[in-house]
>>> print(open('my_file-v6.txt').read())   # compact mmCIF, C-alpha atoms and all ligand atoms
# COMPACT_ATOMS: atom_id res chain seq x y z
CA MET N 1 -15.94 -13.40 -8.77
CA ARG N 2 -14.01 -11.72 -5.95
CA HIS N 3 -11.54 -13.00 -3.39
CA MET N 4 -10.22 -11.48 -0.16
CA LEU N 5 -6.46 -12.00 -0.14
CA ASN N 6 -5.22 -8.65 1.13
CA PRO N 7 -7.07 -5.79 2.86
CA LEU N 8 -6.32 -3.65 -0.21
CA ASP N 9 -8.53 -5.91 -2.36
CA PHE N 10 -11.39 -3.75 -1.02
CA SER N 11 -11.48 0.04 -1.44
CA VAL N 12 -11.99 2.27 1.61
CA GLU N 13 -15.63 2.74 0.53
CA GLU N 14 -16.16 -1.02 0.20
CA ILE N 15 -14.63 -1.62 3.63
CA ASP N 16 -16.89 1.09 4.97
CA ARG N 17 -19.95 -0.65 3.51
CA LEU N 18 -18.76 -4.01 4.87
CA LEU N 19 -18.27 -2.59 8.38
CA SER N 20 -21.72 -0.97 8.26
CA LEU N 21 -23.22 -4.32 7.22
CA ALA N 22 -21.33 -6.00 10.09
CA SER N 23 -22.71 -3.45 12.49
CA ASP N 24 -26.27 -3.99 11.21
CA ILE N 25 -25.73 -7.75 11.69
CA GLU N 26 -24.55 -7.09 15.26
CA HIS N 27 -27.76 -5.24 16.09
CA ASN N 28 -30.24 -7.34 14.05
CA LEU N 29 -28.83 -10.87 14.15
CA PRO N 30 -32.13 -12.81 13.65
CA LYS N 31 -32.80 -10.94 10.38
CA TYR N 32 -29.75 -12.66 8.84
CA ALA N 33 -30.49 -16.20 10.02
CA HIS N 34 -31.41 -17.59 6.57
CA VAL N 35 -29.65 -15.38 4.02
CA CYS N 36 -27.13 -18.16 3.17
CA ASP N 37 -29.53 -21.12 3.33
CA GLY N 38 -28.16 -23.91 1.11
CA LYS N 39 -24.68 -22.36 0.82
CA LYS N 40 -21.52 -24.13 1.99
CA LEU N 41 -18.28 -22.73 3.39
CA ALA N 42 -15.11 -24.85 3.27
CA THR N 43 -12.42 -24.13 5.86
CA LEU N 44 -9.00 -25.31 4.65
CA PHE N 45 -6.63 -24.91 7.58
CA TYR N 46 -3.06 -26.15 7.12
CA GLU N 47 -1.98 -24.32 10.33
CA PRO N 48 -3.40 -24.27 13.86
CA SER N 49 -6.28 -21.92 14.62
CA THR N 50 -9.01 -21.43 17.19
CA ARG N 51 -10.65 -18.08 16.54
CA THR N 52 -10.26 -17.68 12.81
CA ARG N 53 -11.56 -21.10 11.83
CA LEU N 54 -14.31 -21.29 14.41
CA SER N 55 -15.45 -17.71 13.82
CA PHE N 56 -15.76 -18.46 10.10
CA GLU N 57 -17.78 -21.56 10.93
CA SER N 58 -19.90 -19.72 13.47
CA ALA N 59 -20.45 -16.91 10.94
CA MET N 60 -21.65 -19.26 8.19
CA LEU N 61 -23.90 -21.21 10.58
CA SER N 62 -25.43 -17.93 11.82
CA LEU N 63 -26.26 -17.06 8.20
CA GLY N 64 -28.10 -20.38 7.72
CA GLY N 65 -25.33 -22.02 5.68
CA SER N 66 -23.29 -25.09 6.46
CA VAL N 67 -19.59 -25.82 6.83
CA LEU N 68 -17.08 -28.50 5.90
CA GLY N 69 -13.30 -28.65 5.97
CA PHE N 70 -10.13 -29.77 7.65
CA SER N 71 -8.21 -28.26 10.53
CA SER N 72 -4.68 -29.53 9.93
CA ALA N 73 -2.49 -30.37 6.97
CA ASN N 74 -2.03 -33.87 8.38
CA SER N 75 -5.70 -34.69 8.08
CA SER N 76 -5.88 -33.59 4.42
CA SER N 77 -4.30 -34.90 1.23
CA ALA N 78 -1.52 -32.32 1.71
CA ALA N 79 0.05 -35.09 3.81
CA LYS N 80 0.15 -37.22 0.63
CA GLY N 81 1.80 -34.40 -1.32
CA GLU N 82 -1.24 -32.80 -3.00
CA SER N 83 -0.71 -29.21 -4.19
CA VAL N 84 -2.82 -26.28 -2.99
CA SER N 85 -3.97 -25.80 -6.62
CA ASP N 86 -5.34 -29.33 -6.89
CA THR N 87 -6.96 -29.12 -3.46
CA ILE N 88 -8.81 -25.91 -4.30
CA ARG N 89 -10.01 -27.27 -7.65
CA THR N 90 -11.46 -30.19 -5.71
CA ILE N 91 -13.00 -28.03 -2.99
CA SER N 92 -14.59 -25.85 -5.70
CA CYS N 93 -16.79 -28.88 -6.49
CA TYR N 94 -17.94 -29.20 -2.85
CA ALA N 95 -18.44 -25.67 -1.54
CA ASP N 96 -19.54 -22.15 -2.55
CA ILE N 97 -16.76 -20.27 -0.75
CA ALA N 98 -13.47 -21.21 0.98
CA ALA N 99 -11.37 -19.77 3.80
CA MET N 100 -7.77 -20.94 3.73
CA ARG N 101 -4.87 -20.71 6.19
CA HIS N 102 -1.44 -21.92 5.11
CA PRO N 103 2.12 -21.54 6.44
CA LYS N 104 3.47 -20.35 3.05
CA GLU N 105 3.26 -16.71 2.00
CA GLY N 106 1.25 -16.33 -1.21
CA SER N 107 -0.59 -19.64 -0.93
CA ALA N 108 -4.06 -18.06 -0.86
CA LEU N 109 -3.16 -16.14 -4.01
CA VAL N 110 -2.10 -19.38 -5.73
CA ALA N 111 -5.35 -21.02 -4.63
CA SER N 112 -7.45 -18.10 -5.90
CA GLN N 113 -5.92 -18.43 -9.37
CA MET N 114 -7.15 -22.02 -9.72
CA SER N 115 -10.43 -21.61 -7.86
CA SER N 116 -13.93 -21.31 -9.24
CA ILE N 117 -15.27 -20.14 -5.85
CA PRO N 118 -14.28 -17.06 -3.78
CA VAL N 119 -11.17 -17.64 -1.66
CA ILE N 120 -10.57 -15.84 1.62
CA ASN N 121 -7.03 -15.63 2.96
CA ALA N 122 -7.28 -16.66 6.60
CA GLY N 123 -3.53 -16.12 7.09
CA ASP N 124 -0.61 -16.93 4.74
CA GLY N 125 2.62 -17.43 6.66
CA GLY N 126 4.10 -14.20 7.99
CA HIS N 127 2.46 -12.21 5.19
CA GLN N 128 -1.19 -11.11 5.55
CA HIS N 129 -4.34 -11.80 7.56
CA PRO N 130 -7.06 -9.57 6.07
CA THR N 131 -10.04 -10.89 8.04
CA GLN N 132 -8.26 -10.19 11.33
CA THR N 133 -7.79 -6.67 9.99
CA LEU N 134 -11.51 -6.31 9.25
CA THR N 135 -12.07 -7.45 12.83
CA ASP N 136 -9.56 -4.87 14.11
CA LEU N 137 -11.13 -2.10 12.02
CA MET N 138 -14.61 -2.91 13.32
CA THR N 139 -13.29 -2.95 16.90
CA ILE N 140 -11.54 0.40 16.54
CA ARG N 141 -14.49 2.00 14.74
CA SER N 142 -17.01 0.70 17.28
CA LEU N 143 -15.02 1.61 20.40
CA ALA N 144 -13.12 4.76 19.39
CA GLY N 145 -15.90 5.98 17.07
CA ARG N 146 -13.54 6.69 14.17
CA LEU N 147 -10.83 5.16 12.01
CA GLY N 148 -8.72 8.22 11.20
CA ASN N 149 -7.04 10.85 13.31
CA MET N 150 -5.25 8.63 15.81
CA THR N 151 -1.93 7.28 17.05
CA ILE N 152 -1.67 3.51 16.93
CA GLY N 153 1.03 1.65 18.83
CA LEU N 154 1.90 -1.80 17.50
CA CYS N 155 3.95 -3.81 19.96
CA GLY N 156 5.76 -7.17 19.91
CA ASP N 157 6.65 -9.30 16.90
CA LEU N 158 6.27 -6.81 14.07
CA LYS N 159 8.50 -8.87 11.79
CA PHE N 160 6.55 -12.13 11.57
CA GLY N 161 3.15 -10.88 12.79
CA ARG N 162 0.89 -11.02 9.73
CA THR N 163 -1.93 -9.26 11.57
CA VAL N 164 0.39 -6.27 12.00
CA HIS N 165 1.28 -6.16 8.31
CA SER N 166 -2.35 -6.28 7.23
CA LEU N 167 -3.45 -3.69 9.78
CA ILE N 168 -0.76 -1.21 8.71
CA ASN N 169 -1.67 -1.80 5.06
CA ALA N 170 -5.31 -1.02 5.78
CA MET N 171 -4.86 1.90 8.21
CA VAL N 172 -2.58 4.02 6.01
CA ARG N 173 -5.62 4.79 3.86
CA TYR N 174 -7.35 6.76 6.65
CA PRO N 175 -6.58 10.44 7.37
CA ASP N 176 -4.10 11.60 9.98
CA ILE N 177 -2.81 8.23 11.15
CA ARG N 178 0.43 7.99 13.09
CA PHE N 179 2.18 4.76 14.10
CA VAL N 180 4.50 4.01 16.99
CA LEU N 181 6.21 0.69 16.17
CA ILE N 182 7.41 -0.87 19.42
CA ALA N 183 9.69 -3.89 18.94
CA PRO N 184 13.14 -5.23 19.75
CA ASP N 185 15.63 -4.58 16.92
CA GLU N 186 15.38 -8.20 15.73
CA LEU N 187 11.59 -8.02 15.35
CA ARG N 188 11.11 -4.68 13.55
CA VAL N 189 8.61 -4.48 10.67
CA PRO N 190 9.90 -5.91 7.37
CA SER N 191 11.52 -3.36 5.08
CA TYR N 192 8.72 -3.62 2.47
CA ILE N 193 6.27 -2.35 5.10
CA ARG N 194 8.61 0.49 6.12
CA GLU N 195 9.52 1.55 2.57
CA ASP N 196 6.61 0.57 0.29
CA VAL N 197 3.74 1.12 2.69
CA LEU N 198 4.69 3.68 5.35
CA LYS N 199 7.24 5.89 3.58
CA ALA N 200 5.58 5.57 0.17
CA ASN N 201 2.31 6.88 1.66
CA HIS N 202 4.04 9.66 3.66
CA ILE N 203 2.76 8.22 6.94
CA ARG N 204 4.19 9.56 10.20
CA PHE N 205 5.80 6.74 12.19
CA LYS N 206 8.60 6.05 14.63
CA GLU N 207 10.31 2.82 15.62
CA VAL N 208 11.14 2.45 19.32
CA ASN N 209 12.15 -0.28 21.79
CA ASN N 210 10.48 1.03 24.92
CA LEU N 211 6.78 0.45 25.61
CA ASP N 212 6.53 2.59 28.76
CA ASP N 213 7.72 5.72 26.96
CA ALA N 214 5.22 5.20 24.15
CA MET N 215 2.16 4.54 26.33
CA PRO N 216 0.99 8.15 27.02
CA GLU N 217 0.66 9.12 23.36
CA LEU N 218 -1.35 6.11 22.14
CA ASP N 219 -5.05 6.00 21.20
CA ILE N 220 -4.84 2.27 20.37
CA LEU N 221 -2.29 -0.26 21.62
CA TYR N 222 -2.14 -3.39 19.45
CA MET N 223 -0.24 -6.10 21.32
CA THR N 224 1.06 -9.21 19.57
CA ARG N 225 2.60 -12.54 20.49
CA VAL N 226 6.16 -13.46 19.47
CA GLN N 227 5.56 -15.90 16.58
CA ARG N 228 7.48 -18.93 17.78
CA GLU N 229 6.60 -21.09 14.76
CA ARG N 230 8.28 -18.64 12.36
CA PHE N 231 11.63 -18.49 14.20
CA PHE N 232 14.63 -20.31 12.81
CA ASN N 233 15.96 -21.27 16.22
CA GLU N 234 14.47 -21.80 19.65
CA GLU N 235 17.23 -19.83 21.45
CA ASP N 236 16.24 -16.58 19.74
CA TYR N 237 12.61 -17.23 20.56
CA ILE N 238 13.36 -17.81 24.24
CA ARG N 239 15.48 -14.65 24.39
CA LEU N 240 12.76 -12.50 22.81
CA LYS N 241 9.49 -14.08 23.92
CA ASP N 242 8.89 -11.98 27.01
CA CYS N 243 10.31 -8.71 25.69
CA TYR N 244 7.04 -6.85 26.43
CA ILE N 245 4.52 -7.64 29.12
CA LEU N 246 1.60 -5.27 29.47
CA ASP N 247 0.49 -5.07 33.10
CA LYS N 248 -1.53 -2.78 35.37
CA LYS N 249 1.48 -0.59 36.05
CA LYS N 250 1.99 0.11 32.36
CA MET N 251 -1.76 0.73 31.89
CA LYS N 252 -1.49 3.59 34.41
CA LEU N 253 0.70 5.41 31.87
CA ALA N 254 -1.98 5.24 29.16
CA LYS N 255 -4.80 7.61 28.24
CA GLU N 256 -8.17 7.00 29.92
CA ASN N 257 -9.67 6.25 26.52
CA MET N 258 -6.89 4.19 24.97
CA TYR N 259 -8.00 0.71 23.87
CA VAL N 260 -5.87 -2.43 24.01
CA LEU N 261 -6.36 -4.84 21.11
CA HIS N 262 -4.71 -8.23 20.53
CA PRO N 263 -5.53 -10.70 17.72
CA LEU N 264 -5.05 -13.55 20.25
CA PRO N 265 -3.84 -16.11 21.18
CA ARG N 266 -2.01 -14.39 24.03
CA VAL N 267 0.96 -16.07 25.65
CA ASN N 268 2.58 -13.79 28.27
CA GLU N 269 2.46 -10.40 26.59
CA ILE N 270 -0.67 -9.20 28.39
CA SER N 271 -0.91 -10.02 32.06
CA THR N 272 -4.35 -11.40 32.96
CA GLU N 273 -4.67 -8.59 35.53
CA VAL N 274 -5.31 -6.24 32.58
CA ASP N 275 -8.41 -8.21 31.47
CA SER N 276 -10.70 -6.41 33.90
CA ASP N 277 -9.55 -2.95 32.77
CA PRO N 278 -12.40 -1.33 30.76
CA ARG N 279 -9.84 -0.44 28.10
CA ALA N 280 -9.03 -4.12 27.42
CA ALA N 281 -10.86 -4.79 24.14
CA TYR N 282 -9.41 -8.13 23.01
CA PHE N 283 -12.37 -10.31 23.91
CA LYS N 284 -14.85 -7.84 22.41
CA GLN N 285 -12.65 -8.03 19.33
CA VAL N 286 -13.35 -11.79 19.13
CA GLN N 287 -17.10 -11.09 19.01
CA TYR N 288 -16.70 -8.45 16.30
CA GLY N 289 -14.72 -11.04 14.32
CA VAL N 290 -17.87 -13.10 13.81
CA TYR N 291 -19.94 -10.15 12.54
CA VAL N 292 -17.31 -8.99 10.03
CA ARG N 293 -16.89 -12.53 8.72
CA MET N 294 -20.67 -12.81 8.29
CA ALA N 295 -20.59 -9.54 6.35
CA LEU N 296 -17.62 -10.72 4.25
CA ILE N 297 -19.24 -14.06 3.36
CA MET N 298 -22.43 -12.23 2.31
CA THR N 299 -20.45 -9.73 0.24
CA LEU N 300 -18.34 -12.32 -1.59
CA LEU N 301 -21.38 -14.53 -2.24
CA GLU N 302 -23.28 -11.43 -3.43
CA VAL N 303 -26.12 -12.14 -1.03
CA GLU N 304 -28.64 -9.28 -0.78
CA LYS N 305 -29.01 -7.53 2.55
CA PRO N 306 -32.45 -8.48 3.95
CA CYS N 307 -34.92 -5.64 4.59
C1 LIG N 401 -3.22 -14.48 14.66
C2 LIG N 401 -2.65 -15.22 13.48
O1 LIG N 401 -2.98 -16.39 13.25
O2 LIG N 401 -1.89 -14.60 12.76
N1 LIG N 401 -4.26 -15.16 15.28
C3 LIG N 401 -5.53 -14.97 14.82
O3 LIG N 401 -5.87 -15.32 13.72
N2 LIG N 401 -6.39 -14.33 15.62
C4 LIG N 401 -2.20 -14.00 15.61
C5 LIG N 401 -1.22 -14.98 16.18
O4 LIG N 401 -1.27 -16.19 15.88
O5 LIG N 401 -0.39 -14.53 16.95
>>> encode(input="my_file-v6.txt", output="structure tokens", more="lines below")
Ligand code: NCD
Amino acid sequence: MRHMLNPLDFSVEEIDRLLSLASDIEHNLPKYAHVCDGKKLATLFYEPSTRTRLSFESAMLSLGGSVLGFSSANSSSAAKGESVSDTIRTISCYADIAAMRHPKEGSALVASQMSSIPVINAGDGGHQHPTQTLTDLMTIRSLAGRLGNMTIGLCGDLKFGRTVHSLINAMVRYPDIRFVLIAPDELRVPSYIREDVLKANHIRFKEVNNLDDAMPELDILYMTRVQRERFFNEEDYIRLKDCYILDKKKMKLAKENMYVLHPLPRVNEISTEVDSDPRAAYFKQVQYGVYVRMALIMTLLEVEKPC
């Protein structure tokens, strides 16, 4: 039995197969309508979510399966003090696969160790968010036509942004990748990403404060929200929250074929005037998120691809 806790749980070849399956799903949706008939997905969400939870549910429903779950810690027995381990042992009796989001780093790993069904990490604190990364990879591959040989700018809260950590982890495995890490000093990537992921893999990267200067060299710009819920005090959040705002003026500095991605939700970091720019890819990204989750559910449940 396999879980998806970190993007590195899948080899580059396996991710490649998964993205190809997702792309086949995109183009032949009706063919997949019954491949998970009779299967159940449990969504265990201890933290707020719109896209991740609903795209998992939409994915399972589109495969013919059904869904059950909870959308806040308060509405589950966590509010009575139940451990994640006991909850997952219980859920293993009700469902065939589980997607879990939790504010504590490592919680999906703990759950997977006690689970008799595949566990998908749908975000563990400020640590990892592998299914957002699959979504990002599918978006980049579909729009830019490749995954290697590019300069990726990551901008905003690179310290607490789990989508950033997972994306860097996954992208360092492709050839000729260069990163421009755009953040205020307080929100730079954690040192384990800088040392154990970037430097250890001999990846070219630079850390800068200024978005305007970075714009012309980017093939992908990955914007992120400042993660208010992970700050220790509100004053710091207020000081940093609007440190980068992508607007039309900044987009003029970018390449004609640069794409803007954002895991969403957006707060102020992308002005709505950018939404109509053909390079704005963040709502397409939401759609790709459903196809990759369909492909992931099929893969973890070992469901055969229909002919
Ligand atoms: C992200 C998350 O939860 O980490 N959202 C998402 O799943 N698409 C990004 C965020 O909350 O800023």
>>> closest_atom_pairs(input="my_file-v6.txt", of="segment 75-137 of chain N", to="segment 24-46 of chain N", cutoff="6 Å", atoms="all atoms listed in the file", output="Markdown table")
| residue | atom | partner | partner_atom | distance |
| --- | --- | --- | --- | --- |
| N:Ala95 | CA | N:Lys40 | CA | 4.9 |
| N:Asp96 | CA | N:Lys40 | CA | 5.3 |
| N:Ile97 | CA | N:Leu41 | CA | 5.0 |
| N:Ala98 | CA | N:Ala42 | CA | 4.6 |
| N:Ala99 | CA | N:Thr43 | CA | 4.9 |
| N:Met100 | CA | N:Leu44 | CA | 4.6 |
| N:Arg101 | CA | N:Phe45 | CA | 4.8 |
| N:His102 | CA | N:Tyr46 | CA | 5.0 |
>>> residues_near_ligand(input="my_file-v6.txt", ligand="ligand LIG 401 (chain N)", cutoff="9 Å", atoms="all atoms listed in the file", output="MDAnalysis selection string")
chainID N and resid 47:53 101 122:126 128:129 131:132 157 160:164 224:227 262:267 286
>>> atom_distance(input="my_file-v6.txt", atom1="atom CA of Ile297 of chain N", atom2="atom CA of Ala170 of chain N")
19.2 Å
>>> residues_around(input="my_file-v6.txt", residues="segment 142-150 of chain N", least_positions_apart="3", cutoff="12 Å", atoms="all atoms listed in the file", output="JSON, numbers by chain")
{"N": [12, 15, 16, 19, 20, 22, 23, 26, 134, 135, 136, 137, 138, 139, 153, 167, 170, 171, 172, 173, 174, 175, 176, 177, 178, 179, 180, 203, 204, 205, 217, 218, 219, 220, 221, 256, 257, 258, 259, 260, 261, 278, 279, 280, 281, 282, 284, 285, 287, 288]}
>>> closest_residue(input="my_file-v6.txt", among="N:Leu109, N:Cys243, N:Ile270, N:Leu54", to="Gly289 of chain N", atoms="all atoms listed in the file")
N:Leu54
>>> atom_distance(input="my_file-v6.txt", atom1="atom CA of Lys241 of chain N", atom2="atom CA of Ala108 of chain N")
28.5 Å
>>> build_atoms(input="my_file-v6.txt", residues="segment 188-203 of chain N", atoms="N, CA and C atoms", output="mmCIF file, keeping the file's coordinate frame")
data_model
loop_
_atom_site.group_PDB
_atom_site.id
_atom_site.type_symbol
_atom_site.label_atom_id
_atom_site.label_comp_id
_atom_site.auth_asym_id
_atom_site.auth_seq_id
_atom_site.Cartn_x
_atom_site.Cartn_y
_atom_site.Cartn_z
ATOM 1 N N ARG N 188 11.690 -5.879 14.186
ATOM 2 C CA ARG N 188 11.110 -4.680 13.550
ATOM 3 C C ARG N 188 10.294 -5.078 12.318
ATOM 4 N N VAL N 189 9.414 -4.178 11.863
ATOM 5 C CA VAL N 189 8.610 -4.480 10.670
ATOM 6 C C VAL N 189 9.532 -4.773 9.471
ATOM 7 N N PRO N 190 9.080 -5.642 8.554
ATOM 8 C CA PRO N 190 9.900 -5.910 7.370
ATOM 9 C C PRO N 190 10.108 -4.636 6.556
ATOM 10 N N SER N 191 11.196 -4.610 5.788
ATOM 11 C CA SER N 191 11.520 -3.360 5.080
ATOM 12 C C SER N 191 10.448 -3.006 4.044
ATOM 13 N N TYR N 192 9.741 -3.999 3.469
ATOM 14 C CA TYR N 192 8.720 -3.620 2.470
ATOM 15 C C TYR N 192 7.573 -2.844 3.131
ATOM 16 N N ILE N 193 7.314 -3.111 4.406
ATOM 17 C CA ILE N 193 6.270 -2.350 5.100
ATOM 18 C C ILE N 193 6.783 -0.918 5.364
ATOM 19 N N ARG N 194 8.041 -0.823 5.818
ATOM 20 C CA ARG N 194 8.610 0.490 6.120
ATOM 21 C C ARG N 194 8.716 1.348 4.853
ATOM 22 N N GLU N 195 9.242 0.757 3.771
ATOM 23 C CA GLU N 195 9.520 1.550 2.570
ATOM 24 C C GLU N 195 8.280 1.686 1.675
ATOM 25 N N ASP N 196 7.666 0.538 1.334
ATOM 26 C CA ASP N 196 6.610 0.570 0.290
ATOM 27 C C ASP N 196 5.245 0.930 0.838
ATOM 28 N N VAL N 197 5.067 0.798 2.144
ATOM 29 C CA VAL N 197 3.740 1.120 2.690
ATOM 30 C C VAL N 197 3.807 2.429 3.487
ATOM 31 N N LEU N 198 4.677 2.488 4.488
ATOM 32 C CA LEU N 198 4.690 3.680 5.350
ATOM 33 C C LEU N 198 5.324 4.886 4.635
ATOM 34 N N LYS N 199 6.560 4.735 4.213
ATOM 35 C CA LYS N 199 7.240 5.890 3.580
ATOM 36 C C LYS N 199 6.558 6.264 2.271
ATOM 37 N N ALA N 200 6.183 5.275 1.476
ATOM 38 C CA ALA N 200 5.580 5.570 0.170
ATOM 39 C C ALA N 200 4.265 6.355 0.320
ATOM 40 N N ASN N 201 3.580 6.163 1.442
ATOM 41 C CA ASN N 201 2.310 6.880 1.660
ATOM 42 C C ASN N 201 2.469 8.113 2.551
ATOM 43 N N HIS N 202 3.731 8.474 2.834
ATOM 44 C CA HIS N 202 4.040 9.660 3.660
ATOM 45 C C HIS N 202 3.341 9.595 5.017
ATOM 46 N N ILE N 203 3.405 8.422 5.641
ATOM 47 C CA ILE N 203 2.760 8.220 6.940
ATOM 48 C C ILE N 203 3.770 8.564 8.045
#
